[in-house]
Amino acid sequence: MAVEVTEIYCENAVLVGLITPSQKEMKAKEYIDELAFLADTAGAHVLKTFFQKLDYPNPRTFVGEGKLAEIKEYIKLQEDTDFPVGMVIFDDELSPLQLRNIEKELQVKILDRTNLILDIFAKRAQTAYAKTQVELAQYQYMLPRLTRLWTHLERQRGGIGMRGPGETQIETDRRIILDKIALLKKKLEAVDKQMSTQRQNRGKMVRVALVGYTNVGKSTMMNLLSKSDVFAENKLFATLDTTVRKVIIDNLPFLLTDTVGFIRKLPTHLIESFKSTLDEVREADLLVHIVDISHPNFEEQYEIVNKTLLDVCKEAKPTILVFNKIDAFSYVPKDEDDLSPVKKENYSLEDLKKMWMANLNDNCVFVSAKQKLNIDELKTIMYDRVKEIHVRRFPYNDFLFQKYDVDEQ
């Protein structure tokens, strides 16, 4: 019997970013590094990165004509090598006009940041519910870009950015796609009701949600606290499906939820599609905000997550701030002869602890989930906060936790 062999290959990519008055060079380079990580997660190999300084993106081609010609020349030079360029990825969402004009000029596959994230989500989705959420987001992204998609269908391309929502041929009729979107929304509404009922059936147990930027170690922390086996790896959006586990600390049971990670410029299609995932955050009694202390710009990631949480929850929730990956933290000691102000990369871990713990009192802890450092301290803080919520909820219960069904997962 013949065995079908599936060829696995790595697509070569070029990245393009802008340096603008509102996005300085250092920030643009950090964002393009994140885009490169996204590309790697999707399975692409980054060959080269292009930057251009502009006051604002070109409405027709995103970058200027000269820069576009430079990118085109590089693509031509790579054609006869072992690493031909298969796609160009832009670090912002492109308009349908920009996509059409850029692809016409470069004659390769063009992706933007949103399309790349959608592709990763399509790859990561495991449950039927998550797949439906991604499918809805893909159709919403696809709708204004029907003309461009005809071109892709004619060329029969596959690979990164071309994973359709499970169809062998993408429907290009606008009415059909709108009907499909309406159908998917109804499907999700039905499941949302089921999940809402499930949340109600969990009774009055305190709910704790792990939140944070993508790839900060939420799933590793989930595995550690709940003794479960949630998939975790050093990739962006390694976890897509929401996981809820019962956790017990010193005979105190509560529900712990692992949620999808946040990221800057998270596509609005995904925010809308993943409503139920966000509902877990919205209905949580306590948030455990995990931050990667080893990341050079962890403060910005912290602010991005806080802003997203405020958009989702509309009001601040009790939060424990957990600085993870202290085992990977590094800094450059300041030269004693250097009289310039101390920069953030010169702060030691002890300096950061004093700064953050002074502001957050007992709601801040520095840990390493991977090395299991200071986990007992985190458990103590979680126990105290969950206990406070429980006592407020059941003031006459005398805290008799033994009445719970405390079978561990």
# chains A, B, ... in the order shown; residues from 1 in each chain; ligands from 1
call {"tool": "residues_around", "arguments": {"residues": "segment 302-318 of chain A", "least_positions_apart": "4", "cutoff": "7 Å", "atoms": "only C-alpha atoms", "output": "number ranges by chain"}}
result
A: 212-213, 262, 264, 278, 282, 286-287, 291, 298
call {"tool": "closest_residue", "arguments": {"among": "A:Asp91, A:Glu73, A:Asp40, A:Glu30", "to": "Ile120 of chain A", "atoms": "only C-alpha atoms"}}
result
A:Asp40
call {"tool": "closest_residue", "arguments": {"among": "A:Thr81, A:Gln140, A:Asn223, A:Asn12", "to": "Ile271 of chain A", "atoms": "only C-alpha atoms"}}
result
A:Gln140
call {"tool": "residues_around", "arguments": {"residues": "Glu93 of chain A", "least_positions_apart": "3", "cutoff": "9 Å", "atoms": "only C-alpha atoms", "output": "list in words"}}
result
Phe90, Leu111, Asp112, Arg113, Thr114, Asn115, Lys265 and Pro267 of chain A
call {"tool": "write_last_selection", "arguments": {"atoms": "C-alpha atoms", "output": "PDB file, in the first residue's frame"}}
result
ATOM      1  CA  PHE A  90       4.703  43.820   7.599  1.00  0.00           C
ATOM      2  CA  LEU A 111       1.229  39.091   5.128  1.00  0.00           C
ATOM      3  CA  ASP A 112       0.587  41.640   7.833  1.00  0.00           C
ATOM      4  CA  ARG A 113       0.855  41.233  11.591  1.00  0.00           C
ATOM      5  CA  THR A 114      -2.839  40.424  11.974  1.00  0.00           C
ATOM      6  CA  ASN A 115      -2.787  37.710   9.307  1.00  0.00           C
ATOM      7  CA  LYS A 265      -1.940  45.091  18.454  1.00  0.00           C
ATOM      8  CA  PRO A 267      -6.455  41.822  16.265  1.00  0.00           C
TER       9      PRO A 267
END
call {"tool": "atom_distance", "arguments": {"atom1": "atom CA of Leu18 of chain A", "atom2": "atom CA of Ala69 of chain A"}}
result
15.7 Å
call {"tool": "residues_around", "arguments": {"residues": "Ile75 of chain A", "least_positions_apart": "2", "cutoff": "8 Å", "atoms": "only C-alpha atoms", "output": "list of chain:residue names"}}
result
A:Ile71, A:Lys72, A:Glu73, A:Leu77, A:Gln78, A:Glu79, A:Pro84, A:Val85, A:Leu106
call {"tool": "closest_residue", "arguments": {"among": "A:Ile248, A:Ile110, A:Leu188, A:Leu35", "to": "Thr380 of chain A", "atoms": "only C-alpha atoms"}}
result
A:Ile248
call {"tool": "atom_distance", "arguments": {"atom1": "atom CA of Ala39 of chain A", "atom2": "atom CA of Leu116 of chain A"}}
result
7.3 Å
call {"tool": "atom_distance", "arguments": {"atom1": "atom CA of Glu135 of chain A", "atom2": "atom CA of Ala284 of chain A"}}
result
26.6 Å
call {"tool": "residues_around", "arguments": {"residues": "Asn324 of chain A", "least_positions_apart": "3", "cutoff": "9 Å", "atoms": "only C-alpha atoms", "output": "PDB file with N, CA, C and O atoms, in the first residue's frame"}}
result
ATOM      1  N   VAL A 216       4.971  34.308  28.804  1.00  0.00           N
ATOM      2  CA  VAL A 216       5.575  34.715  30.069  1.00  0.00           C
ATOM      3  C   VAL A 216       5.625  33.560  31.072  1.00  0.00           C
ATOM      4  O   VAL A 216       6.180  33.714  32.163  1.00  0.00           O
ATOM      5  N   GLY A 217       5.018  32.415  30.707  1.00  0.00           N
ATOM      6  CA  GLY A 217       5.084  31.245  31.579  1.00  0.00           C
ATOM      7  C   GLY A 217       3.796  30.911  32.298  1.00  0.00           C
ATOM      8  O   GLY A 217       3.822  30.229  33.333  1.00  0.00           O
ATOM      9  N   ILE A 290       1.054  37.523  35.480  1.00  0.00           N
ATOM     10  CA  ILE A 290       2.424  37.017  35.374  1.00  0.00           C
ATOM     11  C   ILE A 290       3.209  37.873  34.389  1.00  0.00           C
ATOM     12  O   ILE A 290       2.758  38.133  33.272  1.00  0.00           O
ATOM     13  N   VAL A 291       4.401  38.296  34.796  1.00  0.00           N
ATOM     14  CA  VAL A 291       5.265  39.148  33.984  1.00  0.00           C
ATOM     15  C   VAL A 291       6.621  38.469  33.825  1.00  0.00           C
ATOM     16  O   VAL A 291       7.160  37.903  34.786  1.00  0.00           O
ATOM     17  N   ASP A 292       7.168  38.522  32.625  1.00  0.00           N
ATOM     18  CA  ASP A 292       8.496  37.959  32.354  1.00  0.00           C
ATOM     19  C   ASP A 292       9.554  38.994  32.725  1.00  0.00           C
ATOM     20  O   ASP A 292       9.844  39.903  31.961  1.00  0.00           O
ATOM     21  N   ILE A 293      10.139  38.864  33.919  1.00  0.00           N
ATOM     22  CA  ILE A 293      11.107  39.840  34.417  1.00  0.00           C
ATOM     23  C   ILE A 293      12.392  39.841  33.593  1.00  0.00           C
ATOM     24  O   ILE A 293      13.149  40.810  33.597  1.00  0.00           O
ATOM     25  N   SER A 294      12.628  38.753  32.849  1.00  0.00           N
ATOM     26  CA  SER A 294      13.860  38.670  32.049  1.00  0.00           C
ATOM     27  C   SER A 294      13.747  39.409  30.720  1.00  0.00           C
ATOM     28  O   SER A 294      14.743  39.610  30.037  1.00  0.00           O
ATOM     29  N   ASP A 327      15.257  33.271  37.137  1.00  0.00           N
ATOM     30  CA  ASP A 327      16.454  32.493  36.827  1.00  0.00           C
ATOM     31  C   ASP A 327      17.106  32.961  35.532  1.00  0.00           C
ATOM     32  O   ASP A 327      18.308  32.737  35.322  1.00  0.00           O
ATOM     33  N   VAL A 365       5.364  39.183  44.035  1.00  0.00           N
ATOM     34  CA  VAL A 365       6.307  38.111  44.361  1.00  0.00           C
ATOM     35  C   VAL A 365       7.173  37.828  43.138  1.00  0.00           C
ATOM     36  O   VAL A 365       6.723  37.958  41.993  1.00  0.00           O
ATOM     37  N   PHE A 366       8.427  37.475  43.377  1.00  0.00           N
ATOM     38  CA  PHE A 366       9.387  37.165  42.313  1.00  0.00           C
ATOM     39  C   PHE A 366       9.670  35.666  42.352  1.00  0.00           C
ATOM     40  O   PHE A 366      10.115  35.139  43.374  1.00  0.00           O
ATOM     41  N   VAL A 367       9.425  34.979  41.226  1.00  0.00           N
ATOM     42  CA  VAL A 367       9.523  33.521  41.205  1.00  0.00           C
ATOM     43  C   VAL A 367      10.198  33.026  39.924  1.00  0.00           C
ATOM     44  O   VAL A 367      10.442  33.792  38.992  1.00  0.00           O
ATOM     45  N   SER A 368      10.430  31.740  39.902  1.00  0.00           N
ATOM     46  CA  SER A 368      10.810  31.032  38.677  1.00  0.00           C
ATOM     47  C   SER A 368       9.983  29.754  38.633  1.00  0.00           C
ATOM     48  O   SER A 368      10.221  28.822  39.412  1.00  0.00           O
ATOM     49  N   ALA A 369       8.992  29.732  37.744  1.00  0.00           N
ATOM     50  CA  ALA A 369       8.140  28.542  37.625  1.00  0.00           C
ATOM     51  C   ALA A 369       8.952  27.357  37.115  1.00  0.00           C
ATOM     52  O   ALA A 369       8.743  26.215  37.527  1.00  0.00           O
ATOM     53  N   LYS A 370       9.898  27.640  36.229  1.00  0.00           N
ATOM     54  CA  LYS A 370      10.710  26.577  35.637  1.00  0.00           C
ATOM     55  C   LYS A 370      11.609  25.919  36.685  1.00  0.00           C
ATOM     56  O   LYS A 370      11.742  24.694  36.749  1.00  0.00           O
TER      57      LYS A 370
END
call {"tool": "residues_around", "arguments": {"residues": "Tyr383 of chain A", "least_positions_apart": "3", "cutoff": "9 Å", "atoms": "only C-alpha atoms", "output": "ChimeraX atom specification"}}
result
/A:249-250,252,378-380,386-388
call {"tool": "write_last_selection", "arguments": {"atoms": "N, CA, C and O atoms", "output": "PDB file, in the first residue's frame"}}
result
ATOM      1  N   ILE A 249      -4.844  24.607  48.140  1.00  0.00           N
ATOM      2  CA  ILE A 249      -3.681  25.035  48.916  1.00  0.00           C
ATOM      3  C   ILE A 249      -4.067  24.994  50.386  1.00  0.00           C
ATOM      4  O   ILE A 249      -4.967  25.728  50.815  1.00  0.00           O
ATOM      5  N   ASP A 250      -3.422  24.145  51.147  1.00  0.00           N
ATOM      6  CA  ASP A 250      -3.712  24.006  52.581  1.00  0.00           C
ATOM      7  C   ASP A 250      -5.210  23.819  52.849  1.00  0.00           C
ATOM      8  O   ASP A 250      -5.813  24.539  53.648  1.00  0.00           O
ATOM      9  N   LEU A 252      -7.658  24.622  51.138  1.00  0.00           N
ATOM     10  CA  LEU A 252      -8.501  25.683  50.586  1.00  0.00           C
ATOM     11  C   LEU A 252      -8.641  25.473  49.074  1.00  0.00           C
ATOM     12  O   LEU A 252      -7.665  25.632  48.329  1.00  0.00           O
ATOM     13  N   LEU A 378       4.515  32.324  46.712  1.00  0.00           N
ATOM     14  CA  LEU A 378       3.364  32.635  45.859  1.00  0.00           C
ATOM     15  C   LEU A 378       2.116  31.935  46.379  1.00  0.00           C
ATOM     16  O   LEU A 378       1.033  32.548  46.447  1.00  0.00           O
ATOM     17  N   LYS A 379       2.238  30.664  46.751  1.00  0.00           N
ATOM     18  CA  LYS A 379       1.087  29.917  47.257  1.00  0.00           C
ATOM     19  C   LYS A 379       0.530  30.554  48.529  1.00  0.00           C
ATOM     20  O   LYS A 379      -0.690  30.598  48.740  1.00  0.00           O
ATOM     21  N   THR A 380       1.419  31.066  49.374  1.00  0.00           N
ATOM     22  CA  THR A 380       0.983  31.712  50.608  1.00  0.00           C
ATOM     23  C   THR A 380       0.168  32.967  50.307  1.00  0.00           C
ATOM     24  O   THR A 380      -0.895  33.198  50.909  1.00  0.00           O
ATOM     25  N   VAL A 386      -7.326  34.416  48.434  1.00  0.00           N
ATOM     26  CA  VAL A 386      -8.524  33.595  48.208  1.00  0.00           C
ATOM     27  C   VAL A 386      -9.323  33.476  49.506  1.00  0.00           C
ATOM     28  O   VAL A 386     -10.563  33.535  49.499  1.00  0.00           O
ATOM     29  N   LYS A 387      -8.622  33.337  50.616  1.00  0.00           N
ATOM     30  CA  LYS A 387      -9.294  33.237  51.919  1.00  0.00           C
ATOM     31  C   LYS A 387     -10.088  34.518  52.204  1.00  0.00           C
ATOM     32  O   LYS A 387     -11.230  34.457  52.684  1.00  0.00           O
ATOM     33  N   GLU A 388      -9.506  35.680  51.922  1.00  0.00           N
ATOM     34  CA  GLU A 388     -10.195  36.957  52.145  1.00  0.00           C
ATOM     35  C   GLU A 388     -11.495  37.022  51.336  1.00  0.00           C
ATOM     36  O   GLU A 388     -12.537  37.462  51.848  1.00  0.00           O
TER      37      GLU A 388
END
call {"tool": "closest_residue", "arguments": {"among": "A:Val247, A:Val206, A:Leu97, A:Leu266", "to": "Phe394 of chain A", "atoms": "only C-alpha atoms"}}
result
A:Val206
call {"tool": "select_by_dssp", "arguments": {"residues": "segment 256-396 of chain A", "states": "helix (DSSP H, G or I)", "output": "MDAnalysis selection string"}}
result
chainID A and resid 268:273 275:282 298:313 326:328 344:346 349:363 375:393
call {"tool": "closest_residue", "arguments": {"among": "A:Val14, A:Trp356, A:Phe62, A:Gly261", "to": "Ala36 of chain A", "atoms": "only C-alpha atoms"}}
result
A:Val14
call {"tool": "closest_residue", "arguments": {"among": "A:Asp179, A:Glu300, A:Glu189, A:Asp285", "to": "Leu210 of chain A", "atoms": "only C-alpha atoms"}}
result
A:Asp285
